[in-house]
Amino acid sequence: MGEIAIAIERDGGSLVARWTGKSQSVDPASVLAPVFSELVLLAVAEGLPVIHDFCALDFFNSATVSAIIRHIKVLGESKVSTTVRYDGGLRWQRSFFDALAVTAAKTEHLTVLSIPSVKP
């Protein structure tokens, strides 16, 4: 798989950010910040919840984790309801998102969902 890509689309009454590829950059914020800004602006302006779908993502590094956490914090501060979906069958995704789920349990605007793996 190639570099990280995030496709933003409307699905019903939500904005869905579908993540694919790999994020191995030491500075992923340079790529992610414009996408995150657009997503927050759209969600707030249109009053829509956001779904981050990581199920098809092949890999992200710890620098990407930091950028994602900052973005989720901004969504929460903006009172945007956010759902994070991940592939629970992938150990590397499960280890990060299970930890995020602990935080979500204490947060009003965040839900973390494990989706059954569809990859062989």
# chains A, B, ... in the order shown; residues from 1 in each chain; ligands from 1
>>> residues_around(residues="A:Val26", least_positions_apart="3", cutoff="9 Å", atoms="only C-alpha atoms", output="count of residues only")
6
>>> select_by_dssp(residues="chain A", states="alpha helix (DSSP H)", output="PyMOL selection string")
chain A and resi 29-46+62-77+91-104
>>> write_last_selection(atoms="C-alpha atoms", output="tab-separated table (two decimals), in the first residue's frame")
chain	number	residue	atom	x	y	z
A	29	ALA	CA	0.68	16.74	10.78
A	30	SER	CA	1.91	18.47	7.62
A	31	VAL	CA	-0.36	16.15	5.62
A	32	LEU	CA	-3.13	15.61	8.17
A	33	ALA	CA	-3.66	19.17	9.47
A	34	PRO	CA	-5.39	20.50	6.32
A	35	VAL	CA	-7.68	17.46	6.19
A	36	PHE	CA	-8.47	17.71	9.90
A	37	SER	CA	-9.17	21.45	9.61
A	38	GLU	CA	-11.55	20.92	6.70
A	39	LEU	CA	-13.34	18.14	8.57
A	40	VAL	CA	-13.84	20.22	11.72
A	41	LEU	CA	-15.03	23.25	9.74
A	42	LEU	CA	-17.54	21.17	7.77
A	43	ALA	CA	-18.81	19.32	10.84
A	44	VAL	CA	-19.33	22.51	12.85
A	45	ALA	CA	-20.84	24.49	9.96
A	46	GLU	CA	-23.26	21.73	9.01
A	62	SER	CA	3.37	7.00	16.92
A	63	ALA	CA	3.71	10.45	15.34
A	64	THR	CA	0.41	9.84	13.57
A	65	VAL	CA	-1.16	8.71	16.85
A	66	SER	CA	-0.29	12.09	18.39
A	67	ALA	CA	-1.87	13.96	15.47
A	68	ILE	CA	-5.04	11.85	15.70
A	69	ILE	CA	-5.36	12.45	19.44
A	70	ARG	CA	-4.96	16.23	19.00
A	71	HIS	CA	-7.61	16.18	16.26
A	72	ILE	CA	-10.05	14.19	18.39
A	73	LYS	CA	-9.51	16.69	21.21
A	74	VAL	CA	-10.36	19.58	18.85
A	75	LEU	CA	-13.52	17.77	17.70
A	76	GLY	CA	-14.57	17.30	21.32
A	77	GLU	CA	-13.87	20.95	22.19
A	91	ARG	CA	-3.51	-6.39	16.70
A	92	TRP	CA	-1.70	-3.12	15.92
A	93	GLN	CA	-5.02	-1.27	15.51
A	94	ARG	CA	-6.58	-2.94	18.53
A	95	SER	CA	-3.72	-1.93	20.86
A	96	PHE	CA	-4.12	1.79	20.09
A	97	PHE	CA	-7.87	1.96	19.77
A	98	ASP	CA	-8.57	-0.11	22.89
A	99	ALA	CA	-6.57	2.51	24.81
A	100	LEU	CA	-8.55	5.26	23.07
A	101	ALA	CA	-11.78	3.49	24.09
A	102	VAL	CA	-10.83	3.94	27.75
A	103	THR	CA	-10.63	7.69	27.14
A	104	ALA	CA	-13.88	7.61	25.17
>>> residues_around(residues="A:Tyr86", least_positions_apart="2", cutoff="9 Å", atoms="only C-alpha atoms", output="NGL selection string")
:A and (52-57 or 84 or 88-90 or 93-94 or 97 or 112-117)
>>> atom_distance(atom1="atom CA of A:Ala5", atom2="atom CA of A:Phe59")
11.6 Å
>>> select_by_dssp(residues="stretch 67-117 of chain A", states="strand (DSSP E)", output="PyMOL selection string")
chain A and resi 82-87+110-115
>>> closest_residue(among="A:Lys106, A:Val16, A:Asp87, A:Ile4", to="A:Ile51", atoms="only C-alpha atoms")
A:Val16
>>> atom_distance(atom1="atom CA of A:Phe60", atom2="atom CA of A:Arg85")
14.8 Å
>>> closest_residue(among="A:Gly12, A:Ala17, A:Ala105, A:Glu3", to="A:Val50", atoms="only C-alpha atoms")
A:Ala17
>>> atom_distance(atom1="atom CA of A:Thr83", atom2="atom CA of A:Glu108")
11.3 Å
>>> closest_residue(among="A:Pro28, A:Gly13, A:Pro49, A:Gly21", to="A:Thr82", atoms="only C-alpha atoms")
A:Pro49
>>> closest_residue(among="A:Gly47, A:Lys79, A:Glu9, A:Asp58", to="A:Lys22", atoms="only C-alpha atoms")
A:Asp58
